[in-house]
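Below is final11.cif, holding mmCIF, C-alpha atoms.
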```cif
data_protein
#
loop_
_atom_site.label_atom_id
_atom_site.label_comp_id
_atom_site.auth_asym_id
_atom_site.auth_seq_id
_atom_site.Cartn_x
_atom_site.Cartn_y
_atom_site.Cartn_z
CA MET J 1 1.87 15.13 8.84
CA VAL J 2 -1.73 13.94 8.69
CA SER J 3 -1.22 10.31 9.63
CA THR J 4 -3.11 7.11 8.97
CA LEU J 5 -5.38 6.31 11.91
CA LYS J 6 -5.29 2.61 11.14
CA ARG J 7 -2.27 2.09 13.40
CA ARG J 8 0.19 4.04 15.49
CA ILE J 9 3.48 5.32 14.09
CA GLY J 10 6.71 4.17 15.76
CA SER J 11 10.14 2.68 15.15
CA ASP J 12 8.76 -0.83 15.69
CA ILE J 13 5.83 -0.57 13.24
CA PHE J 14 6.71 -1.90 9.80
CA ALA J 15 3.54 -1.64 7.75
CA SER J 16 4.74 0.17 4.63
CA ARG J 17 2.66 3.35 4.95
CA SER J 18 3.55 3.66 8.64
CA ARG J 19 7.24 3.18 7.90
CA ILE J 20 7.26 5.97 5.32
CA ILE J 21 5.48 8.36 7.70
CA TYR J 22 7.98 7.53 10.46
CA GLN J 23 11.10 7.81 8.32
CA LEU J 24 10.01 10.94 6.48
CA SER J 25 8.91 12.76 9.65
CA LYS J 26 12.07 11.79 11.53
CA GLY J 27 14.25 12.73 8.56
CA LEU J 28 12.63 16.15 8.23
CA ALA J 29 13.03 16.81 11.97
CA GLU J 30 16.72 15.88 11.72
CA ARG J 31 17.04 18.53 9.00
CA ASP J 32 15.75 21.18 11.43
CA HIS J 33 12.17 21.34 10.18
CA SER J 34 9.41 21.75 12.76
CA VAL J 35 7.27 18.64 12.28
CA SER J 36 4.00 17.65 13.95
CA LEU J 37 2.02 14.43 13.48
CA LEU J 38 -1.78 14.48 13.58
CA GLY J 39 -2.47 10.86 14.46
CA THR J 40 -2.76 8.41 17.36
CA ALA J 41 -1.75 9.43 20.89
CA ASP J 42 0.57 6.43 21.24
CA SER J 43 2.63 7.36 18.16
CA GLU J 44 6.27 8.25 18.79
CA ILE J 45 8.82 9.80 16.41
CA PRO J 46 12.08 11.41 17.62
CA GLY J 47 11.94 15.18 17.32
CA VAL J 48 8.29 15.20 16.19
CA GLU J 49 5.33 16.65 18.12
CA ILE J 50 2.39 14.24 18.38
CA ILE J 51 -1.07 15.82 18.20
CA PRO J 52 -3.55 13.10 19.21
CA VAL J 53 -6.77 12.50 17.30
CA ILE J 54 -7.58 9.14 18.94
CA ASP J 55 -5.81 7.21 21.69
CA LYS J 56 -4.88 4.14 19.64
CA GLY J 57 -5.02 2.99 16.04
CA TRP J 58 -8.07 1.21 14.67
CA VAL J 59 -6.24 -2.16 14.70
CA ASP J 60 -5.54 -1.80 18.44
CA LEU J 61 -9.06 -0.76 19.46
CA PRO J 62 -11.91 -3.11 20.43
CA LEU J 63 -14.24 -3.83 17.51
CA PRO J 64 -17.18 -1.41 17.64
CA GLU J 65 -20.71 -2.28 16.57
CA ASN J 66 -20.10 -0.51 13.26
CA VAL J 67 -16.48 -0.23 12.07
CA PHE J 68 -17.38 2.00 9.13
CA HIS J 69 -19.09 4.56 11.37
CA ARG J 70 -16.13 4.59 13.79
CA ASP J 71 -13.59 5.05 11.03
CA ILE J 72 -15.49 7.83 9.26
CA ALA J 73 -16.18 9.65 12.53
CA THR J 74 -12.50 9.65 13.51
CA LEU J 75 -11.44 10.72 10.01
CA MET J 76 -13.90 13.61 10.16
CA LYS J 77 -12.49 14.59 13.54
CA GLN J 78 -8.96 14.50 12.11
CA ALA J 79 -9.95 16.64 9.10
CA GLY J 80 -11.58 19.17 11.43
CA MET J 81 -8.46 19.36 13.58
CA MET J 82 -6.35 19.80 10.45
CA LEU J 83 -8.42 22.84 9.51
CA ASP J 84 -8.28 24.28 13.03
CA LEU J 85 -4.47 23.93 13.17
CA GLN J 86 -3.52 24.84 9.59
CA GLY J 87 -2.56 28.39 10.52
CA LEU J 88 0.40 27.05 12.53
CA PHE J 89 2.03 25.35 9.53
CA ASP J 90 3.46 26.08 6.10
CA VAL J 91 2.42 22.82 4.45
CA ILE J 92 0.17 19.85 5.23
CA HIS J 93 1.28 16.38 4.11
CA ASN J 94 -1.45 13.77 4.12
CA HIS J 95 -1.03 9.97 4.44
CA THR J 96 -4.50 8.93 5.61
CA VAL J 97 -6.43 5.77 4.79
CA PRO J 98 -8.24 6.38 2.49
CA ASP J 99 -5.69 8.61 0.80
CA PHE J 100 -8.15 11.16 -0.54
CA PHE J 101 -10.18 11.80 2.61
CA PRO J 102 -8.78 15.20 3.77
CA SER J 103 -9.42 16.66 0.31
CA ILE J 104 -13.13 16.80 1.11
CA VAL J 105 -12.43 19.97 3.10
CA GLU J 106 -10.50 21.64 0.25
CA PRO J 107 -12.79 24.73 0.18
CA GLU J 108 -11.79 25.56 3.75
CA LEU J 109 -8.04 25.04 3.27
CA ASN J 110 -5.76 28.06 3.01
CA LYS J 111 -2.48 26.12 3.21
CA SER J 112 -0.93 23.76 0.66
CA LEU J 113 -2.10 20.14 0.93
CA VAL J 114 0.24 17.41 -0.35
CA THR J 115 -1.21 13.89 -0.51
CA THR J 116 0.93 10.83 -1.13
CA LEU J 117 -1.10 8.16 -2.92
CA HIS J 118 -0.14 4.88 -1.24
CA ALA J 119 -3.14 2.75 -2.27
CA LEU J 120 -3.64 0.71 -5.41
CA HIS J 121 -5.01 2.61 -8.39
CA ALA J 122 -8.69 2.20 -9.14
CA ASP J 123 -10.86 3.95 -11.71
CA TYR J 124 -13.23 5.21 -9.03
CA ILE J 125 -10.33 6.80 -7.11
CA ASP J 126 -9.03 8.37 -10.32
CA GLU J 127 -12.50 9.79 -10.99
CA LEU J 128 -12.89 11.12 -7.45
CA ILE J 129 -9.54 12.82 -6.97
CA SER J 130 -9.79 14.48 -10.37
CA LYS J 131 -12.36 16.76 -8.69
CA TYR J 132 -9.88 18.00 -6.08
CA LYS J 133 -7.94 20.75 -7.82
CA LYS J 134 -6.14 22.22 -4.78
CA THR J 135 -4.56 18.98 -3.55
CA HIS J 136 -1.06 18.16 -4.78
CA PHE J 137 -1.15 14.40 -5.37
CA ILE J 138 2.16 12.51 -5.28
CA ALA J 139 2.69 9.17 -7.02
CA LEU J 140 5.26 6.67 -5.77
CA SER J 141 6.48 5.76 -9.27
CA GLN J 142 6.16 6.85 -12.88
CA ALA J 143 4.30 3.64 -13.68
CA TYR J 144 1.78 4.44 -10.94
CA LYS J 145 1.40 8.02 -12.18
CA ASN J 146 0.68 6.77 -15.69
CA LEU J 147 -2.32 4.78 -14.45
CA TYR J 148 -4.18 8.00 -13.60
CA LYS J 149 -6.04 9.17 -16.69
CA LYS J 150 -8.33 11.83 -15.18
CA ALA J 151 -6.60 13.04 -12.02
CA SER J 152 -3.66 15.42 -12.13
CA ILE J 153 -0.55 14.00 -10.45
CA TYR J 154 1.70 16.79 -9.21
CA ASP J 155 4.97 14.86 -8.88
CA VAL J 156 6.63 11.46 -8.42
CA VAL J 157 8.62 10.71 -5.26
CA TYR J 158 10.18 7.31 -4.62
CA ASN J 159 9.96 5.78 -1.17
CA GLY J 160 13.19 5.48 0.80
CA ILE J 161 14.44 2.63 2.96
CA ASP J 162 16.82 2.37 5.91
CA GLU J 163 19.96 0.98 4.30
CA ASN J 164 21.61 0.65 7.72
CA LEU J 165 18.88 -1.73 8.85
CA TYR J 166 18.66 -3.60 5.55
CA ALA J 167 22.41 -4.06 5.50
CA TYR J 168 24.45 -5.66 2.73
CA LYS J 169 25.42 -9.32 3.00
CA GLU J 170 27.34 -10.98 0.20
CA LYS J 171 27.02 -14.63 1.16
CA LYS J 172 23.60 -16.12 0.42
CA GLY J 173 21.69 -19.21 1.50
CA ASP J 174 19.88 -21.74 -0.67
CA TYR J 175 16.28 -20.55 -0.29
CA LEU J 176 13.82 -18.20 -1.98
CA PHE J 177 11.98 -15.62 0.12
CA TRP J 178 8.46 -14.26 -0.31
CA LEU J 179 7.06 -11.59 2.00
CA GLY J 180 3.61 -10.14 1.54
CA ARG J 181 -0.05 -10.03 2.42
CA LEU J 182 -2.80 -12.59 1.98
CA ALA J 183 -5.74 -10.30 1.21
CA GLU J 184 -9.35 -11.00 2.11
CA GLY J 185 -10.78 -9.92 -1.24
CA LYS J 186 -12.48 -12.54 -3.39
CA LYS J 187 -13.41 -12.98 -7.04
CA GLU J 188 -17.00 -13.55 -8.14
CA ASN J 189 -16.39 -17.32 -8.14
CA GLY J 190 -15.32 -17.22 -4.48
CA GLU J 191 -11.58 -17.64 -5.07
CA TYR J 192 -9.28 -15.37 -3.10
CA ILE J 193 -7.64 -12.53 -5.03
CA ASP J 194 -3.97 -13.37 -4.72
CA GLN J 195 -2.74 -9.78 -5.13
CA LYS J 196 0.81 -10.44 -3.88
CA GLY J 197 1.22 -13.67 -5.82
CA VAL J 198 1.96 -16.21 -3.11
CA GLY J 199 0.58 -18.87 -5.45
CA TRP J 200 3.28 -18.15 -8.04
CA ALA J 201 5.99 -18.38 -5.39
CA ILE J 202 4.71 -21.79 -4.28
CA LYS J 203 4.44 -23.06 -7.85
CA LEU J 204 7.99 -21.92 -8.62
CA ALA J 205 9.36 -23.70 -5.55
CA GLU J 206 7.47 -26.90 -6.34
CA GLU J 207 8.44 -26.92 -10.02
CA THR J 208 12.13 -26.29 -9.33
CA ASP J 209 12.39 -28.31 -6.10
CA SER J 210 13.56 -25.15 -4.33
CA LYS J 211 13.39 -24.25 -0.67
CA LEU J 212 10.90 -21.43 -0.09
CA ILE J 213 10.32 -19.34 3.03
CA MET J 214 7.17 -17.22 3.23
CA ALA J 215 6.01 -14.69 5.81
CA GLY J 216 3.60 -11.80 6.14
CA GLN J 217 0.11 -10.71 7.06
CA CYS J 218 -3.04 -12.79 6.63
CA GLU J 219 -6.32 -10.88 6.51
CA ASP J 220 -8.39 -14.07 6.26
CA LYS J 221 -7.05 -17.33 7.67
CA LYS J 222 -9.27 -19.26 5.26
CA PHE J 223 -7.02 -17.99 2.45
CA PHE J 224 -4.00 -19.47 4.22
CA ASP J 225 -5.77 -22.73 5.02
CA LYS J 226 -7.01 -23.17 1.44
CA ASP J 227 -4.14 -21.93 -0.74
CA VAL J 228 -0.97 -22.07 1.37
CA ALA J 229 -1.18 -24.68 4.13
CA PRO J 230 -1.71 -27.70 1.80
CA HIS J 231 1.66 -26.97 0.16
CA LEU J 232 3.73 -26.69 3.33
CA ASN J 233 6.43 -29.30 3.90
CA GLU J 234 10.11 -29.50 4.81
CA LYS J 235 11.08 -27.31 1.85
CA ILE J 236 8.14 -24.90 1.67
CA GLN J 237 7.61 -23.16 4.99
CA TRP J 238 5.66 -20.27 6.53
CA TYR J 239 7.51 -18.35 9.24
CA GLY J 240 5.68 -16.60 12.07
CA GLU J 241 2.07 -16.60 13.16
CA VAL J 242 -0.79 -16.55 10.68
CA SER J 243 -2.29 -13.24 11.78
CA ARG J 244 -3.54 -9.90 10.44
CA GLU J 245 -0.34 -8.15 11.57
CA GLN J 246 3.23 -9.11 10.68
CA SER J 247 4.38 -11.29 13.60
CA LEU J 248 8.04 -11.79 12.72
CA PRO J 249 10.47 -9.37 14.43
CA VAL J 250 12.03 -7.01 11.92
CA GLU J 251 15.50 -8.39 12.74
CA LYS J 252 14.31 -11.82 11.60
CA VAL J 253 12.82 -10.39 8.41
CA VAL J 254 16.07 -8.58 7.61
CA LYS J 255 18.11 -11.76 8.19
CA LEU J 256 15.81 -13.72 5.88
CA MET J 257 16.23 -11.05 3.21
CA GLN J 258 19.99 -10.91 3.63
CA GLU J 259 20.51 -14.64 3.22
CA ALA J 260 17.96 -15.43 0.51
CA LYS J 261 19.35 -16.28 -2.91
CA ALA J 262 16.41 -14.37 -4.43
CA PHE J 263 13.44 -12.33 -3.28
CA LEU J 264 10.19 -13.10 -5.11
CA MET J 265 7.95 -10.20 -6.19
CA THR J 266 5.43 -12.40 -8.00
CA ILE J 267 2.62 -9.85 -7.84
CA ASN J 268 -0.72 -10.02 -9.65
CA GLN J 269 -1.40 -6.29 -9.24
CA GLU J 270 -0.07 -2.96 -10.47
CA GLU J 271 2.13 -2.22 -7.46
CA PRO J 272 2.48 1.56 -6.77
CA PHE J 273 6.03 1.01 -5.47
CA GLY J 274 6.84 -2.18 -3.55
CA LEU J 275 8.94 -1.28 -0.51
CA VAL J 276 10.20 -4.85 -0.16
CA ILE J 277 12.08 -4.56 -3.47
CA PRO J 278 14.65 -1.94 -2.37
CA GLU J 279 14.77 -3.55 1.08
CA ALA J 280 15.86 -6.84 -0.48
CA MET J 281 18.26 -5.18 -2.92
CA SER J 282 19.79 -3.16 -0.09
CA CYS J 283 20.67 -6.49 1.51
CA GLY J 284 22.43 -7.48 -1.72
CA THR J 285 19.61 -9.86 -2.63
CA PRO J 286 18.41 -9.94 -6.24
CA VAL J 287 14.69 -9.69 -7.01
CA ILE J 288 12.65 -11.81 -9.41
CA GLY J 289 9.41 -10.06 -10.18
CA PHE J 290 6.64 -9.82 -12.72
CA ASP J 291 6.67 -6.70 -14.88
CA ARG J 292 3.73 -5.08 -13.14
CA GLY J 293 3.49 -1.61 -11.62
CA ALA J 294 6.80 -0.15 -10.49
CA VAL J 295 8.83 -3.38 -10.64
CA SER J 296 10.73 -2.45 -13.81
CA GLU J 297 11.50 1.02 -12.39
CA LEU J 298 13.09 -0.45 -9.28
CA VAL J 299 14.74 -3.62 -10.61
CA VAL J 300 17.37 -3.30 -13.35
CA ASP J 301 16.71 -6.40 -15.44
CA GLY J 302 19.78 -8.63 -15.62
CA LYS J 303 21.73 -6.51 -13.13
CA THR J 304 19.81 -6.35 -9.84
CA GLY J 305 17.42 -9.18 -10.63
CA PHE J 306 15.04 -10.17 -13.40
CA VAL J 307 11.83 -8.57 -14.62
CA VAL J 308 9.57 -11.28 -16.03
CA PRO J 309 6.75 -10.54 -18.51
CA PRO J 310 3.52 -11.75 -16.88
CA SER J 311 2.62 -13.55 -20.11
CA GLU J 312 5.58 -15.90 -19.51
CA GLY J 313 4.16 -16.94 -16.16
CA LEU J 314 5.84 -19.84 -14.41
CA GLU J 315 8.25 -20.54 -17.28
CA GLY J 316 9.51 -16.97 -17.13
CA LEU J 317 10.09 -17.25 -13.38
CA LYS J 318 11.97 -20.53 -13.86
CA LYS J 319 14.24 -19.01 -16.52
CA ALA J 320 15.03 -16.09 -14.22
CA LEU J 321 15.84 -18.40 -11.32
CA GLN J 322 18.28 -20.37 -13.50
CA LYS J 323 20.26 -17.15 -14.08
CA ILE J 324 20.12 -15.77 -10.54
CA SER J 325 23.76 -16.58 -9.80
CA ASP J 326 24.77 -14.14 -12.58
CA ILE J 327 23.68 -11.20 -10.39
CA ASN J 328 26.37 -9.37 -8.42
CA PRO J 329 24.99 -8.63 -4.91
CA ALA J 330 26.97 -5.37 -4.77
CA ASP J 331 25.08 -4.06 -7.81
CA CYS J 332 21.80 -4.56 -5.95
CA THR J 333 22.99 -2.51 -2.98
CA ARG J 334 24.44 0.21 -5.21
CA ARG J 335 21.09 0.59 -6.97
CA VAL J 336 19.42 1.39 -3.63
CA GLU J 337 22.17 3.76 -2.48
CA GLU J 338 21.77 5.77 -5.68
CA ASN J 339 17.97 5.92 -5.77
CA PHE J 340 15.99 4.69 -2.77
CA THR J 341 17.48 5.95 0.50
CA ILE J 342 15.63 7.84 3.23
CA GLU J 343 17.84 10.87 2.54
CA LYS J 344 16.84 11.00 -1.11
CA MET J 345 13.16 10.67 -0.20
CA VAL J 346 13.38 13.47 2.37
CA GLU J 347 15.17 15.77 -0.08
CA ALA J 348 12.58 15.04 -2.78
CA TYR J 349 9.71 15.93 -0.45
CA GLU J 350 11.54 19.08 0.68
CA ASN J 351 11.61 20.14 -2.98
CA VAL J 352 7.88 19.39 -3.31
CA TYR J 353 7.09 21.46 -0.21
CA LYS J 354 9.12 24.40 -1.51
CA LYS J 355 7.34 24.31 -4.87
CA VAL J 356 3.83 24.14 -3.45
CA ILE J 357 4.51 26.87 -0.87
CA ASN J 358 5.92 29.17 -3.56
CA LYS J 359 2.98 28.35 -5.82
#
```

Show this structure as structure tokens.
Amino acid sequence: MVSTLKRRIGSDIFASRSRIIYQLSKGLAERDHSVSLLGTADSEIPGVEIIPVIDKGWVDLPLPENVFHRDIATLMKQAGMMLDLQGLFDVIHNHTVPDFFPSIVEPELNKSLVTTLHALHADYIDELISKYKKTHFIALSQAYKNLYKKASIYDVVYNGIDENLYAYKEKKGDYLFWLGRLAEGKKENGEYIDQKGVGWAIKLAEETDSKLIMAGQCEDKKFFDKDVAPHLNEKIQWYGEVSREQSLPVEKVVKLMQEAKAFLMTINQEEPFGLVIPEAMSCGTPVIGFDRGAVSELVVDGKTGFVVPPSEGLEGLKKALQKISDINPADCTRRVEENFTIEKMVEAYENVYKKVINK
């Protein structure tokens, strides 16, 4: 496993990419595979050998004079170590940030390289990775695969979630729950790019006089101060610190998911997967989301939540909320058990490894 160097990998780290690396590596080790992680020295996964590239993840290191230089230098070091060690392994599975980085050493690779594409699609990424013919790129959903017009996508593998952690709860509270990231990107006019759609969640709560709980990461506090804080009151609340890393303990996040009457996936982007969707459904909580990216692949419209055409905007969200009591919580959990467990993800990647090794 060629890990992200952005942060360490461990049972207490819940950034989506880190979670998948942890769960997949642990799951493979439990199935008697010999697994090593090329990442930060403070990473820890049961049954997995840690091969350190740097002592700590970028987010835990002091800010250098030039972040770009530091990041590229450590990525180059990691790619060099990957080449030096490749003879010890049957397959290399890459999860770096940026996703495509290890492919730059393709000419020197003599072992199969599998790269899971975690990041949002962009035309410039599509153009770049189309040049890498030896890398086996994996998409997280069919919708995400379909966005790539030039690059060759080898296979689709859904992410898996820990259904024991995100446990079923039938009885729900009276609030809506939104969990996401306030990104630092801006439009040309200076407005923040609301990729995860916190603005839609706030509008829905205000228009329907609903209680709304929000939580997540904030890359730029000015985004929070400008677009979220003015709306906070007794009914619309932000839980946890306003910081670049998720501050709420995972147990608190799970409880909020379990007791919400609906989880809001009001995204403004083509989501490659959306790990929070199966996490919420595993808790028996229906999802209301815009039909963008993988949402319609994960949510069964009318059965595990509602998929709203983006063109319907706020009115579509309001119509879905009016029907939310029609959803049977058990159907939400069953959907995850049948499609989005850790076991199914591990098995799917095992099949990918076998195919690329045989090839």

Which residues, named as in the file, does the PyMOL selection byres ((chain J and resi 343) around 9) pick out? Answer as a PDB file with C-alpha atoms, in the frame of the given file.
```
ATOM      1  CA  LEU J  24      10.010  10.940   6.480  1.00  0.00           C
ATOM      2  CA  GLY J  27      14.250  12.730   8.560  1.00  0.00           C
ATOM      3  CA  GLY J 160      13.190   5.480   0.800  1.00  0.00           C
ATOM      4  CA  ILE J 161      14.440   2.630   2.960  1.00  0.00           C
ATOM      5  CA  PHE J 340      15.990   4.690  -2.770  1.00  0.00           C
ATOM      6  CA  THR J 341      17.480   5.950   0.500  1.00  0.00           C
ATOM      7  CA  ILE J 342      15.630   7.840   3.230  1.00  0.00           C
ATOM      8  CA  LYS J 344      16.840  11.000  -1.110  1.00  0.00           C
ATOM      9  CA  MET J 345      13.160  10.670  -0.200  1.00  0.00           C
ATOM     10  CA  VAL J 346      13.380  13.470   2.370  1.00  0.00           C
ATOM     11  CA  GLU J 347      15.170  15.770  -0.080  1.00  0.00           C
ATOM     12  CA  ALA J 348      12.580  15.040  -2.780  1.00  0.00           C
TER      13      ALA J 348
END
```

Residues in the PyMOL selection byres ((chain J and resi 204-218) around 9), expressed as a ChimeraX atom specification: /J:174-184,198-203,219-221,223-224,231,234-248,253,256,260,314-315,317-318,321

Target residues per the PyMOL selection byres ((chain J and resi 334) around 12), formatted as an NGL selection string: :J and (163 or 167-168 or 278 or 281-286 or 299-300 or 303-304 or 328-333 or 335-341)

Using only C-alpha atoms, the best pick from J:Gly274, J:Gly173, J:Pro310, J:Gly190 as closest to Ala262 of chain J would be J:Gly173

Quick one, how far is atom CA of Asn358 of chain J from atom CA of Pro52 of chain J?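 Here the two named atoms are 29.4 Å from each other.
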